[in-house]
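Source file final_37.csv; content: CSV, C-alpha atoms and all ligand atoms.
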```csv
chain,number,residue,atom,x,y,z
A,1449,MET,CA,-6.9,9.7,2.5
A,1450,ASP,CA,-5.8,12.2,-0.1
A,1451,THR,CA,-7.0,10.1,-3.0
A,1452,LEU,CA,-10.0,9.4,-5.3
A,1453,MET,CA,-12.3,6.5,-4.3
A,1454,SER,CA,-15.0,4.9,-6.3
A,1455,LEU,CA,-17.4,2.3,-5.0
A,1456,THR,CA,-19.9,0.6,-7.3
A,1457,ALA,CA,-22.4,-2.1,-6.1
A,1458,TYR,CA,-25.3,-3.9,-7.7
A,1459,GLY,CA,-28.5,-5.5,-6.2
A,1460,ASP,CA,-31.4,-4.5,-4.1
A,1461,ASN,CA,-29.6,-3.2,-1.1
A,1462,ALA,CA,-26.7,-1.6,-3.0
A,1463,GLN,CA,-27.3,2.1,-2.4
A,1464,ASP,CA,-27.9,1.7,1.3
A,1465,ALA,CA,-24.8,-0.5,1.7
A,1466,LEU,CA,-22.6,1.9,-0.2
A,1467,ASP,CA,-23.8,4.8,2.0
A,1468,LYS,CA,-22.8,2.8,5.0
A,1469,ALA,CA,-19.4,1.9,3.5
A,1470,ALA,CA,-18.7,5.5,2.6
A,1471,GLU,CA,-19.6,6.5,6.2
A,1472,ARG,CA,-17.2,3.9,7.6
A,1473,ILE,CA,-14.4,5.1,5.3
A,1474,ASN,CA,-14.9,8.7,6.4
A,1475,ALA,CA,-14.9,7.6,10.1
A,1476,LEU,CA,-11.6,5.8,9.5
A,1477,GLU,CA,-10.1,9.0,8.1
A,1478,GLN,CA,-10.9,10.7,11.3
A,1479,SER,CA,-9.1,8.1,13.5
A,1480,LEU,CA,-6.2,7.4,11.2
A,1481,SER,CA,-5.1,10.6,9.6
A,1482,VAL,CA,-1.8,12.2,10.6
A,1483,THR,CA,-3.1,15.6,9.7
A,1484,ILE,CA,-6.3,15.6,11.9
A,1485,PRO,CA,-5.1,16.7,15.4
A,1486,GLU,CA,-7.6,14.6,17.3
A,1487,SER,CA,-7.0,11.4,15.4
A,1488,ASP,CA,-5.6,8.3,17.2
A,1489,ILE,CA,-2.5,8.6,15.1
A,1490,SER,CA,-1.9,12.3,15.8
A,1491,ARG,CA,-2.3,11.7,19.5
A,1492,LEU,CA,0.2,8.9,19.3
A,1493,ASN,CA,2.6,11.0,17.3
A,1494,SER,CA,2.4,13.9,19.8
A,1495,SER,CA,2.6,11.6,22.9
A,1496,ALA,CA,6.3,12.3,23.6
A,1497,GLY,CA,6.9,8.8,24.9
A,1498,ALA,CA,3.7,8.5,26.9
A,1499,THR,CA,1.4,5.4,26.5
A,1500,VAL,CA,-1.7,6.2,24.4
A,1501,SER,CA,-5.0,4.3,24.2
A,1502,VAL,CA,-6.1,3.9,20.6
A,1503,GLY,CA,-9.2,2.5,18.9
A,1504,GLU,CA,-9.5,-1.0,17.4
A,1505,ASP,CA,-8.9,0.2,13.8
A,1506,ALA,CA,-5.5,1.9,14.6
A,1507,LEU,CA,-4.6,-1.0,16.7
A,1508,THR,CA,-5.3,-3.6,14.0
A,1509,ILE,CA,-3.4,-1.7,11.4
A,1510,ILE,CA,-0.4,-1.1,13.6
A,1511,GLN,CA,-0.3,-4.9,14.5
A,1512,LYS,CA,-0.5,-5.9,10.9
A,1513,SER,CA,2.2,-3.5,10.0
A,1514,LEU,CA,4.5,-5.0,12.6
A,1515,GLU,CA,3.8,-8.5,11.3
A,1516,ILE,CA,4.8,-7.5,7.8
A,1517,SER,CA,7.8,-5.4,9.0
A,1518,GLU,CA,9.0,-8.5,10.8
A,1519,LYS,CA,8.5,-10.8,7.7
A,1520,SER,CA,10.1,-8.3,5.3
A,1521,GLY,CA,13.1,-7.5,7.4
A,1522,GLY,CA,12.0,-3.9,8.0
A,1523,ALA,CA,11.2,-3.0,4.3
A,1524,LEU,CA,7.8,-1.8,5.6
A,1525,ASP,CA,8.2,0.4,8.6
A,1526,ILE,CA,5.5,2.8,9.7
A,1527,THR,CA,8.0,4.7,11.9
A,1528,ILE,CA,9.4,6.1,8.6
A,1529,TYR,CA,7.2,9.2,9.1
A,1530,PRO,CA,9.9,11.7,10.2
A,1531,VAL,CA,11.9,10.8,7.0
A,1532,LEU,CA,8.7,11.2,4.8
A,1533,LYS,CA,8.2,14.6,6.4
A,1534,ALA,CA,11.8,15.7,5.6
A,1535,TRP,CA,11.2,14.8,1.9
A,1536,GLY,CA,8.0,16.8,1.9
A,1537,PHE,CA,5.8,13.9,0.9
A,1538,THR,CA,3.4,14.7,3.7
A,1539,THR,CA,2.9,18.4,2.7
A,1540,GLY,CA,3.8,18.5,-1.0
A,1541,GLU,CA,6.6,21.0,-0.2
A,1542,TYR,CA,9.2,18.7,-1.7
A,1543,SER,CA,13.0,18.9,-1.3
A,1544,ALA,CA,15.8,16.4,-1.1
A,1545,PRO,CA,17.2,16.5,2.5
A,1546,ALA,CA,20.9,16.5,3.1
A,1547,SER,CA,22.4,13.1,3.8
A,1548,GLU,CA,23.4,14.2,7.3
A,1549,GLU,CA,19.8,15.1,8.1
A,1550,LEU,CA,18.6,11.8,6.8
A,1551,ALA,CA,21.2,10.0,8.9
A,1552,SER,CA,20.0,11.7,12.1
A,1553,LEU,CA,16.3,11.2,11.2
A,1554,LEU,CA,16.9,7.5,10.6
A,1555,GLU,CA,17.7,7.2,14.3
A,1556,LEU,CA,14.0,7.8,14.8
A,1557,VAL,CA,13.0,4.9,12.5
A,1558,ASP,CA,12.7,1.4,14.0
A,1559,TYR,CA,9.5,-0.5,14.1
A,1560,THR,CA,10.8,-2.8,16.9
A,1561,LYS,CA,10.4,0.2,19.3
A,1562,ILE,CA,6.6,0.2,18.9
A,1563,HIS,CA,5.1,-1.4,22.0
A,1564,ILE,CA,1.5,-2.6,22.1
A,1565,ASN,CA,-0.1,-3.6,25.4
A,1566,GLY,CA,-3.8,-4.4,25.2
A,1567,SER,CA,-5.3,-1.5,23.4
A,1568,THR,CA,-2.5,0.9,24.2
A,1569,VAL,CA,0.5,1.8,22.1
A,1570,THR,CA,3.8,3.4,23.2
A,1571,LEU,CA,6.3,5.1,21.0
A,1572,PRO,CA,9.7,6.4,22.1
A,1573,GLU,CA,9.9,10.1,22.4
A,1574,GLY,CA,10.5,11.7,19.0
A,1575,TYR,CA,9.1,8.8,17.1
A,1576,SER,CA,6.1,9.1,14.9
A,1577,VAL,CA,4.1,6.8,12.6
A,1578,ASP,CA,2.2,7.1,9.3
A,1579,LEU,CA,-0.2,4.4,8.2
A,1580,GLY,CA,-0.3,5.5,4.6
A,1581,ALA,CA,1.1,2.2,3.4
A,1582,LEU,CA,-1.8,0.1,4.7
A,1583,ALA,CA,-4.7,2.3,5.6
A,1584,LYS,CA,-6.4,2.2,2.2
A,1585,GLY,CA,-6.2,-1.5,2.1
A,1586,TYR,CA,-7.6,-1.8,5.5
A,1587,ALA,CA,-10.4,0.7,4.5
A,1588,SER,CA,-11.2,-1.4,1.5
A,1589,GLY,CA,-11.5,-4.5,3.7
A,1590,CYS,CA,-13.9,-2.6,6.0
A,1591,ALA,CA,-16.0,-1.5,3.1
A,1592,GLU,CA,-16.1,-5.1,1.7
A,1593,ASP,CA,-17.3,-6.4,5.1
A,1594,ILE,CA,-20.1,-3.8,5.2
A,1595,LEU,CA,-21.2,-4.6,1.6
A,1596,ARG,CA,-21.2,-8.4,2.2
A,1597,SER,CA,-23.0,-8.2,5.5
A,1598,SER,CA,-25.6,-6.0,3.8
A,1599,GLY,CA,-26.2,-8.8,1.3
A,1600,VAL,CA,-24.2,-7.3,-1.6
A,1601,ASP,CA,-22.4,-10.0,-3.6
A,1602,CYS,CA,-21.6,-8.0,-6.7
A,1603,ALA,CA,-19.4,-4.8,-6.4
A,1604,ILE,CA,-16.2,-3.2,-7.4
A,1605,LEU,CA,-14.4,-0.8,-5.2
A,1606,ASN,CA,-11.3,1.3,-6.0
A,1607,LEU,CA,-9.7,3.2,-3.1
A,1608,GLY,CA,-6.9,5.0,-4.8
A,1609,GLY,CA,-5.3,2.0,-6.4
A,1610,ASN,CA,-6.6,-0.5,-3.9
A,1611,VAL,CA,-9.2,-2.5,-5.8
A,1612,CYS,CA,-11.6,-4.9,-4.2
A,1613,ALA,CA,-13.7,-7.1,-6.6
A,1614,ILE,CA,-16.6,-8.7,-4.8
A,1615,GLY,CA,-18.2,-11.7,-6.6
A,1616,SER,CA,-18.4,-11.4,-10.3
A,1617,ARG,CA,-19.8,-8.9,-12.7
A,1618,PRO,CA,-23.6,-8.5,-13.0
A,1619,ASP,CA,-23.5,-10.5,-16.2
A,1620,GLY,CA,-21.7,-13.4,-14.4
A,1621,GLU,CA,-18.3,-12.8,-16.1
A,1622,PRO,CA,-15.3,-12.2,-13.9
A,1623,TRP,CA,-14.3,-8.6,-13.1
A,1624,LYS,CA,-11.7,-7.2,-15.5
A,1625,VAL,CA,-9.3,-4.9,-13.6
A,1626,ALA,CA,-6.7,-2.9,-15.5
A,1627,VAL,CA,-3.3,-2.8,-13.9
A,1628,ALA,CA,-1.8,0.7,-14.2
A,1629,SER,CA,1.5,1.0,-16.1
A,1630,PRO,CA,4.4,2.7,-14.4
A,1631,PHE,CA,5.5,3.9,-17.9
A,1632,GLU,CA,4.2,7.1,-19.4
A,1633,ASP,CA,4.0,5.8,-22.9
A,1634,GLU,CA,1.4,3.2,-22.2
A,1635,GLU,CA,-2.1,3.5,-20.7
A,1636,TYR,CA,-2.1,0.3,-18.7
A,1637,LEU,CA,0.1,-2.7,-18.2
A,1638,GLY,CA,-2.5,-5.4,-18.6
A,1639,ILE,CA,-5.8,-6.8,-17.5
A,1640,LEU,CA,-6.5,-9.1,-14.6
A,1641,THR,CA,-9.7,-11.2,-14.6
A,1642,VAL,CA,-10.7,-11.9,-11.0
A,1643,GLU,CA,-13.5,-12.8,-8.6
A,1644,ASP,CA,-13.5,-12.1,-4.9
A,1645,LYS,CA,-10.0,-10.6,-4.8
A,1646,PHE,CA,-8.1,-7.5,-3.7
A,1647,ILE,CA,-5.7,-6.1,-6.2
A,1648,VAL,CA,-3.3,-3.5,-4.8
A,1649,THR,CA,-0.6,-1.6,-6.7
A,1650,SER,CA,2.3,0.4,-5.3
A,1651,GLY,CA,4.4,2.3,-7.8
A,1652,LYS,CA,7.1,4.8,-8.0
A,1653,TYR,CA,5.0,6.7,-10.6
A,1654,GLU,CA,2.2,7.4,-8.1
A,1655,ARG,CA,3.8,10.3,-6.2
A,1656,PHE,CA,7.1,11.9,-7.0
A,1657,PHE,CA,8.9,15.1,-7.6
A,1658,ILE,CA,11.9,16.3,-9.6
A,1659,GLY,CA,14.7,17.5,-7.4
A,1660,GLU,CA,16.9,20.5,-8.1
A,1661,ASP,CA,19.5,18.0,-9.3
A,1662,GLY,CA,17.0,16.9,-12.0
A,1663,ARG,CA,16.5,13.5,-10.5
A,1664,LYS,CA,13.1,11.9,-9.8
A,1665,TYR,CA,12.4,11.2,-6.1
A,1666,HIS,CA,9.3,9.0,-5.4
A,1667,HIS,CA,7.3,8.4,-2.2
A,1668,ILE,CA,8.3,4.9,-1.1
A,1669,ILE,CA,11.3,5.1,1.2
A,1670,ASP,CA,13.8,2.4,1.9
A,1671,PRO,CA,14.1,2.5,5.7
A,1672,GLU,CA,17.7,1.3,5.5
A,1673,THR,CA,18.9,4.4,3.6
A,1674,GLY,CA,16.2,7.0,4.0
A,1675,TYR,CA,16.1,7.5,0.3
A,1676,PRO,CA,13.4,6.5,-2.2
A,1677,SER,CA,13.9,2.8,-3.0
A,1678,GLU,CA,16.0,2.4,-6.1
A,1679,ASN,CA,16.4,-1.3,-6.8
A,1680,GLY,CA,15.2,-1.8,-10.4
A,1681,LEU,CA,11.5,-2.3,-9.5
A,1682,ALA,CA,9.0,0.3,-10.9
A,1683,ALA,CA,5.7,-1.1,-9.6
A,1684,VAL,CA,4.3,-4.1,-7.7
A,1685,THR,CA,0.7,-5.4,-7.8
A,1686,VAL,CA,-0.4,-7.8,-5.1
A,1687,ILE,CA,-3.5,-10.0,-5.5
A,1688,GLY,CA,-5.0,-11.7,-2.5
A,1689,GLU,CA,-7.8,-12.3,0.0
A,1690,SER,CA,-7.0,-9.5,2.5
A,1691,GLY,CA,-7.1,-5.8,1.7
A,1692,ILE,CA,-4.7,-4.7,4.4
A,1693,GLU,CA,-2.2,-7.5,3.7
A,1694,CYS,CA,-2.1,-6.8,0.0
A,1695,ASP,CA,-1.6,-3.1,0.7
A,1696,ALA,CA,1.2,-3.7,3.2
A,1697,LEU,CA,2.9,-6.2,0.9
A,1698,SER,CA,2.7,-4.0,-2.2
A,1699,THR,CA,4.7,-1.3,-0.4
A,1700,ALA,CA,7.1,-3.8,1.3
A,1701,LEU,CA,7.8,-5.8,-1.9
A,1702,LEU,CA,8.6,-2.6,-3.9
A,1703,VAL,CA,11.2,-1.8,-1.3
A,1704,LEU,CA,12.6,-5.3,-1.3
A,1705,GLY,CA,13.2,-5.4,-5.0
A,1706,GLU,CA,12.8,-8.1,-7.6
A,1707,GLU,CA,14.9,-10.9,-6.0
A,1708,LYS,CA,13.8,-10.5,-2.4
A,1709,ALA,CA,10.2,-10.0,-3.4
A,1710,GLN,CA,10.3,-13.4,-5.1
A,1711,GLU,CA,12.0,-14.9,-2.1
A,1712,TYR,CA,9.3,-13.5,0.1
A,1713,TRP,CA,6.5,-14.9,-2.1
A,1714,ARG,CA,8.1,-18.4,-2.2
A,1715,LYS,CA,8.7,-18.4,1.6
A,1716,ASN,CA,5.4,-16.9,2.8
A,1717,GLY,CA,2.9,-17.4,-0.1
A,1718,GLY,CA,-0.8,-16.7,0.4
A,1719,PHE,CA,-0.9,-14.1,-2.4
A,1720,GLU,CA,0.0,-13.6,-6.0
A,1721,MET,CA,1.9,-10.7,-7.5
A,1722,ILE,CA,3.0,-8.8,-10.6
A,1723,LEU,CA,6.4,-7.2,-10.6
A,1724,VAL,CA,7.3,-4.5,-13.2
A,1725,THR,CA,10.9,-3.6,-13.6
A,1726,GLU,CA,12.4,-0.3,-14.7
A,1727,ASP,CA,13.8,-2.1,-17.8
A,1728,LYS,CA,10.2,-3.0,-18.7
A,1729,ARG,CA,10.0,-6.6,-17.7
A,1730,THR,CA,6.8,-8.0,-16.3
A,1731,ILE,CA,7.0,-10.9,-13.9
A,1732,VAL,CA,3.9,-12.7,-12.6
A,1733,THR,CA,3.5,-15.5,-10.1
A,1734,SER,CA,2.2,-18.8,-11.4
A,1735,GLY,CA,-1.1,-18.7,-9.5
A,1736,ILE,CA,-2.3,-15.6,-11.4
A,1737,ALA,CA,-0.5,-16.0,-14.7
A,1738,GLU,CA,-3.6,-17.4,-16.5
A,1739,ASN,CA,-5.7,-14.5,-15.3
A,1740,PHE,CA,-3.3,-11.8,-16.6
A,1741,THR,CA,-3.3,-10.5,-20.2
A,1742,ASN,CA,-0.5,-8.1,-21.2
A,1743,SER,CA,-1.6,-5.0,-23.0
A,1744,SER,CA,1.6,-4.6,-24.9
A,1745,ASP,CA,3.5,-7.2,-27.0
A,1746,ARG,CA,6.1,-7.5,-24.2
A,1747,MET,CA,6.8,-11.0,-22.8
A,1748,THR,CA,5.5,-11.8,-19.4
A,1749,GLU,CA,7.8,-14.0,-17.3
A,1750,VAL,CA,6.1,-16.5,-15.1
A,1751,ILE,CA,7.7,-17.6,-11.8
A,1752,ASN,CA,7.1,-20.6,-9.6
F,1801,LIG,P1,1.5,2.6,-0.9
F,1801,LIG,O1,0.9,3.5,-1.9
F,1801,LIG,O2,0.5,1.6,-0.2
F,1801,LIG,O3,2.6,1.8,-1.4
F,1801,LIG,O4,2.0,3.4,0.3
F,1801,LIG,C1,3.0,4.4,0.2
F,1801,LIG,C2,2.9,5.3,1.3
F,1801,LIG,O5,3.4,4.7,2.5
F,1801,LIG,C3,3.8,6.5,1.1
F,1801,LIG,O6,3.1,7.6,0.5
F,1801,LIG,C4,4.2,6.9,2.6
F,1801,LIG,O7,3.1,7.6,3.2
F,1801,LIG,C5,4.3,5.5,3.2
F,1801,LIG,N1,5.6,4.9,3.2
F,1801,LIG,C6,6.7,5.2,2.3
F,1801,LIG,N2,7.7,4.3,2.5
F,1801,LIG,C7,7.3,3.5,3.5
F,1801,LIG,C8,7.9,2.4,4.1
F,1801,LIG,N3,9.1,1.9,3.8
F,1801,LIG,N4,7.2,1.7,5.1
F,1801,LIG,C9,6.0,2.2,5.5
F,1801,LIG,N5,5.3,3.2,4.9
F,1801,LIG,C10,6.0,3.8,3.9
F,1802,MG,MG,0.7,-0.3,0.4
```
Represent the structure contained in this file as structure tokens.
Ligand code: AMP
Ligand code: MG
Amino acid sequence: MDTLMSLTAYGDNAQDALDKAAERINALEQSLSVTIPESDISRLNSSAGATVSVGEDALTIIQKSLEISEKSGGALDITIYPVLKAWGFTTGEYSAPASEELASLLELVDYTKIHINGSTVTLPEGYSVDLGALAKGYASGCAEDILRSSGVDCAILNLGGNVCAIGSRPDGEPWKVAVASPFEDEEYLGILTVEDKFIVTSGKYERFFIGEDGRKYHHIIDPETGYPSENGLAAVTVIGESGIECDALSTALLVLGEEKAQEYWRKNGGFEMILVTEDKRTIVTSGIAENFTNSSDRMTEVIN
């Protein structure tokens, strides 16, 4: 998944459980990767309009993505892949595409065209998907399941910015999770104290390049424009009970922007969030405010 992962567990069965979790994550990579030709997703992307049978993992992730696409009005859209490729975010060969090229690629972006029937998926010819916005969250949920069913009730996992805190620390205190700062001049934004939660951050700072025009282009694309989302939000952290949902939401809310992200939270609920704006405001939802400590002397706005 092109990222660093660290899994730490405590207790009698911990090593064995961690080995199984790592095995599961590696197997997921094999079925979900867009760069492994035999993966479910590669087969789907090269299907040229034919119906493809996919495994349970790919199916679950695609279904969840469609649910969040629907609820976010298309801010999350896994059919964004052709646009991501044009920007070079899939290969690292970055360049800003011409606006005409983006306009024509956007004709291949529309999550409502994904059809699921039983365990088969059909994409229109020319369409392709990338599960990068939710796969790590799903993987962290799978790892959590394995650890818990192996009897582990004390662990902390970090799958490239997707943190899963199981139980509390070995000393009985809540886990302390540092939330990364989108700003270069500070090490981290603040500390969350949590038990049994997923904490997932999406940020413009995570992957970007500087274009020939000197502008910064980051990896989260607004499916309406085909350009990296520029709405005043620099990073979003989502705290909740489901790894895949937190991951899907962190990406979607970053695209939605400050106002719409708050609307989404008020309407749908079921999670807490921290929004960080380009002008260095930190906004946290009321359900997590008491568990968050700012690392700087900036004010934290609490919303209800
Ligand atoms: P995350 O780090 O979870 O926010 O996921 C970001 C990744 O999701 C990017 O690196 C792309 O692979 C992919 N992506 C970018 N924009 C979108 C979007 N609007 N909808 C779905 N996936 C996206
Ligand atoms: Mg995400």
Quick one: residues within 7 Å of ligand MG 1802 (chain F), with all atoms listed in the file, as a ChimeraX atom specification? /A:1581-1582,1650,1695-1699
Residues within 9 Å of ligand LIG 1801 (chain F) should be enumerated using all atoms listed in the file and returned as a ChimeraX atom specification. /A:1513,1517,1522-1529,1531-1532,1537-1538,1577-1585,1608-1610,1648-1652,1654-1655,1666-1672,1674,1676-1677,1684,1694-1700,1702-1703
Any chance you can output those residues with C-alpha atoms as a short mmCIF file (atom, residue, chain, number, x, y, z; two decimals), in the frame of the given file?
```cif
data_model
loop_
_atom_site.label_atom_id
_atom_site.label_comp_id
_atom_site.auth_asym_id
_atom_site.auth_seq_id
_atom_site.Cartn_x
_atom_site.Cartn_y
_atom_site.Cartn_z
CA SER A 1513 2.20 -3.50 10.00
CA SER A 1517 7.80 -5.40 9.00
CA GLY A 1522 12.00 -3.90 8.00
CA ALA A 1523 11.20 -3.00 4.30
CA LEU A 1524 7.80 -1.80 5.60
CA ASP A 1525 8.20 0.40 8.60
CA ILE A 1526 5.50 2.80 9.70
CA THR A 1527 8.00 4.70 11.90
CA ILE A 1528 9.40 6.10 8.60
CA TYR A 1529 7.20 9.20 9.10
CA VAL A 1531 11.90 10.80 7.00
CA LEU A 1532 8.70 11.20 4.80
CA PHE A 1537 5.80 13.90 0.90
CA THR A 1538 3.40 14.70 3.70
CA VAL A 1577 4.10 6.80 12.60
CA ASP A 1578 2.20 7.10 9.30
CA LEU A 1579 -0.20 4.40 8.20
CA GLY A 1580 -0.30 5.50 4.60
CA ALA A 1581 1.10 2.20 3.40
CA LEU A 1582 -1.80 0.10 4.70
CA ALA A 1583 -4.70 2.30 5.60
CA LYS A 1584 -6.40 2.20 2.20
CA GLY A 1585 -6.20 -1.50 2.10
CA GLY A 1608 -6.90 5.00 -4.80
CA GLY A 1609 -5.30 2.00 -6.40
CA ASN A 1610 -6.60 -0.50 -3.90
CA VAL A 1648 -3.30 -3.50 -4.80
CA THR A 1649 -0.60 -1.60 -6.70
CA SER A 1650 2.30 0.40 -5.30
CA GLY A 1651 4.40 2.30 -7.80
CA LYS A 1652 7.10 4.80 -8.00
CA GLU A 1654 2.20 7.40 -8.10
CA ARG A 1655 3.80 10.30 -6.20
CA HIS A 1666 9.30 9.00 -5.40
CA HIS A 1667 7.30 8.40 -2.20
CA ILE A 1668 8.30 4.90 -1.10
CA ILE A 1669 11.30 5.10 1.20
CA ASP A 1670 13.80 2.40 1.90
CA PRO A 1671 14.10 2.50 5.70
CA GLU A 1672 17.70 1.30 5.50
CA GLY A 1674 16.20 7.00 4.00
CA PRO A 1676 13.40 6.50 -2.20
CA SER A 1677 13.90 2.80 -3.00
CA VAL A 1684 4.30 -4.10 -7.70
CA CYS A 1694 -2.10 -6.80 0.00
CA ASP A 1695 -1.60 -3.10 0.70
CA ALA A 1696 1.20 -3.70 3.20
CA LEU A 1697 2.90 -6.20 0.90
CA SER A 1698 2.70 -4.00 -2.20
CA THR A 1699 4.70 -1.30 -0.40
CA ALA A 1700 7.10 -3.80 1.30
CA LEU A 1702 8.60 -2.60 -3.90
CA VAL A 1703 11.20 -1.80 -1.30
#
```
Quick one: of A:Tyr1575, A:Lys1519, A:Thr1741, A:Asn1606, who's nearest to Ser1490 (chain A), counting all atoms listed in the file?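 Once distances to Ser1490 (chain A) are computed over all atoms listed in the file, the minimum belongs to A:Tyr1575.
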Write out as a list in words the residues lying within 10 Å of region 1496-1504 of chain A, counting only C-alpha atoms and excluding same-chain residues fewer than 3 positions away.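 After dropping sequence-adjacent residues, the list is Ser1479, Leu1480, Ser1487, Asp1488, Ile1489, Arg1491, Leu1492, Asn1493, Leu1507, Thr1508, Ile1509, Ile1510, His1563, Ile1564, Asn1565, Gly1566, Ser1567, Thr1568, Val1569, Thr1570, Leu1571, Pro1572, Glu1573, Gly1574, Tyr1575 and Ser1576 of chain A.
Pairwise distance (CA of Ser1543 (chain A), CA of Asn1679 (chain A)) equals 21.2 Å.
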Counting only C-alpha atoms, find the residues whose atoms lie at most 10 Å from (-8.6, 9.5, 2.1) (file coordinates) and write them out as JSON, numbers by chain. {"A": [1449, 1450, 1451, 1452, 1453, 1473, 1474, 1476, 1477, 1478, 1480, 1481, 1580, 1583, 1584, 1587, 1607, 1608]}
Those selected residues, please, written with C-alpha atoms and delivered as a compact mmCIF listing (two decimals), keeping the file's coordinate frame.
```
# COMPACT_ATOMS: atom_id res chain seq x y z
CA MET A 1449 -6.90 9.70 2.50
CA ASP A 1450 -5.80 12.20 -0.10
CA THR A 1451 -7.00 10.10 -3.00
CA LEU A 1452 -10.00 9.40 -5.30
CA MET A 1453 -12.30 6.50 -4.30
CA ILE A 1473 -14.40 5.10 5.30
CA ASN A 1474 -14.90 8.70 6.40
CA LEU A 1476 -11.60 5.80 9.50
CA GLU A 1477 -10.10 9.00 8.10
CA GLN A 1478 -10.90 10.70 11.30
CA LEU A 1480 -6.20 7.40 11.20
CA SER A 1481 -5.10 10.60 9.60
CA GLY A 1580 -0.30 5.50 4.60
CA ALA A 1583 -4.70 2.30 5.60
CA LYS A 1584 -6.40 2.20 2.20
CA ALA A 1587 -10.40 0.70 4.50
CA LEU A 1607 -9.70 3.20 -3.10
CA GLY A 1608 -6.90 5.00 -4.80
```
Can you tell me which residues surround region 1591-1596 of chain A at a distance of at most 12 Å, considering only C-alpha atoms, apart from same-chain residues fewer than 4 positions away, and format the answer as number ranges by chain? A: 1453-1476, 1584-1587, 1600-1607, 1610-1615, 1644-1646, 1689-1692
Leaving out region 1709-1720 of chain A and any residue of its chain fewer than 5 positions from it, which residues lie within 6 Å of it when counting only C-alpha atoms, given as number ranges by chain? A: 1686-1688, 1701, 1704, 1733
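Of the residues listed (A:Thr1730, A:Thr1725, A:Ser1552, A:Asn1739), A:Asn1739 shows the shortest atom-to-atom separation from Thr1641 (chain A); distances use all atoms listed in the file.
Going from CA of Leu1554 (chain A) over to CA of Lys1533 (chain A), you cover 12.0 Å.
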Between CA of Glu1643 (chain A) and CA of Cys1590 (chain A), what is the spacing in Å?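 Between these atoms lies a distance of 17.8 Å.
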Generate N, CA, C and O atoms for region 1742-1752 of chain A and emit them as a PDB file, in the frame of the given file.
```pdb
ATOM      1  N   ASN A1742      -1.298  -9.273 -20.917  1.00  0.00           N
ATOM      2  CA  ASN A1742      -0.500  -8.100 -21.200  1.00  0.00           C
ATOM      3  C   ASN A1742      -1.140  -7.200 -22.206  1.00  0.00           C
ATOM      4  O   ASN A1742      -1.717  -7.673 -23.165  1.00  0.00           O
ATOM      5  N   SER A1743      -1.050  -5.893 -22.015  1.00  0.00           N
ATOM      6  CA  SER A1743      -1.600  -5.000 -23.000  1.00  0.00           C
ATOM      7  C   SER A1743      -0.673  -4.689 -24.136  1.00  0.00           C
ATOM      8  O   SER A1743      -1.055  -4.254 -25.204  1.00  0.00           O
ATOM      9  N   SER A1744       0.617  -4.911 -23.862  1.00  0.00           N
ATOM     10  CA  SER A1744       1.600  -4.600 -24.900  1.00  0.00           C
ATOM     11  C   SER A1744       2.078  -5.984 -25.479  1.00  0.00           C
ATOM     12  O   SER A1744       1.627  -7.037 -25.054  1.00  0.00           O
ATOM     13  N   ASP A1745       3.019  -5.932 -26.417  1.00  0.00           N
ATOM     14  CA  ASP A1745       3.500  -7.200 -27.000  1.00  0.00           C
ATOM     15  C   ASP A1745       4.748  -7.682 -26.200  1.00  0.00           C
ATOM     16  O   ASP A1745       5.430  -8.600 -26.635  1.00  0.00           O
ATOM     17  N   ARG A1746       5.012  -7.045 -25.043  1.00  0.00           N
ATOM     18  CA  ARG A1746       6.100  -7.500 -24.200  1.00  0.00           C
ATOM     19  C   ARG A1746       5.835  -8.883 -23.646  1.00  0.00           C
ATOM     20  O   ARG A1746       4.694  -9.196 -23.348  1.00  0.00           O
ATOM     21  N   MET A1747       6.892  -9.637 -23.429  1.00  0.00           N
ATOM     22  CA  MET A1747       6.800 -11.000 -22.800  1.00  0.00           C
ATOM     23  C   MET A1747       6.434 -10.822 -21.334  1.00  0.00           C
ATOM     24  O   MET A1747       6.877  -9.897 -20.674  1.00  0.00           O
ATOM     25  N   THR A1748       5.685 -11.766 -20.800  1.00  0.00           N
ATOM     26  CA  THR A1748       5.500 -11.800 -19.400  1.00  0.00           C
ATOM     27  C   THR A1748       6.238 -13.068 -18.857  1.00  0.00           C
ATOM     28  O   THR A1748       6.051 -14.164 -19.363  1.00  0.00           O
ATOM     29  N   GLU A1749       7.133 -12.858 -17.886  1.00  0.00           N
ATOM     30  CA  GLU A1749       7.800 -14.000 -17.300  1.00  0.00           C
ATOM     31  C   GLU A1749       6.977 -14.553 -16.172  1.00  0.00           C
ATOM     32  O   GLU A1749       6.468 -13.795 -15.354  1.00  0.00           O
ATOM     33  N   VAL A1750       6.838 -15.875 -16.134  1.00  0.00           N
ATOM     34  CA  VAL A1750       6.100 -16.500 -15.100  1.00  0.00           C
ATOM     35  C   VAL A1750       7.011 -17.170 -14.089  1.00  0.00           C
ATOM     36  O   VAL A1750       7.917 -17.900 -14.516  1.00  0.00           O
ATOM     37  N   ILE A1751       6.825 -16.922 -12.802  1.00  0.00           N
ATOM     38  CA  ILE A1751       7.700 -17.600 -11.800  1.00  0.00           C
ATOM     39  C   ILE A1751       6.941 -18.553 -10.953  1.00  0.00           C
ATOM     40  O   ILE A1751       5.745 -18.397 -10.697  1.00  0.00           O
ATOM     41  N   ASN A1752       7.677 -19.560 -10.493  1.00  0.00           N
ATOM     42  CA  ASN A1752       7.100 -20.600  -9.600  1.00  0.00           C
ATOM     43  C   ASN A1752       7.733 -20.545  -8.256  1.00  0.00           C
ATOM     44  O   ASN A1752       8.876 -20.173  -8.128  1.00  0.00           O
TER      45      ASN A1752
END
```
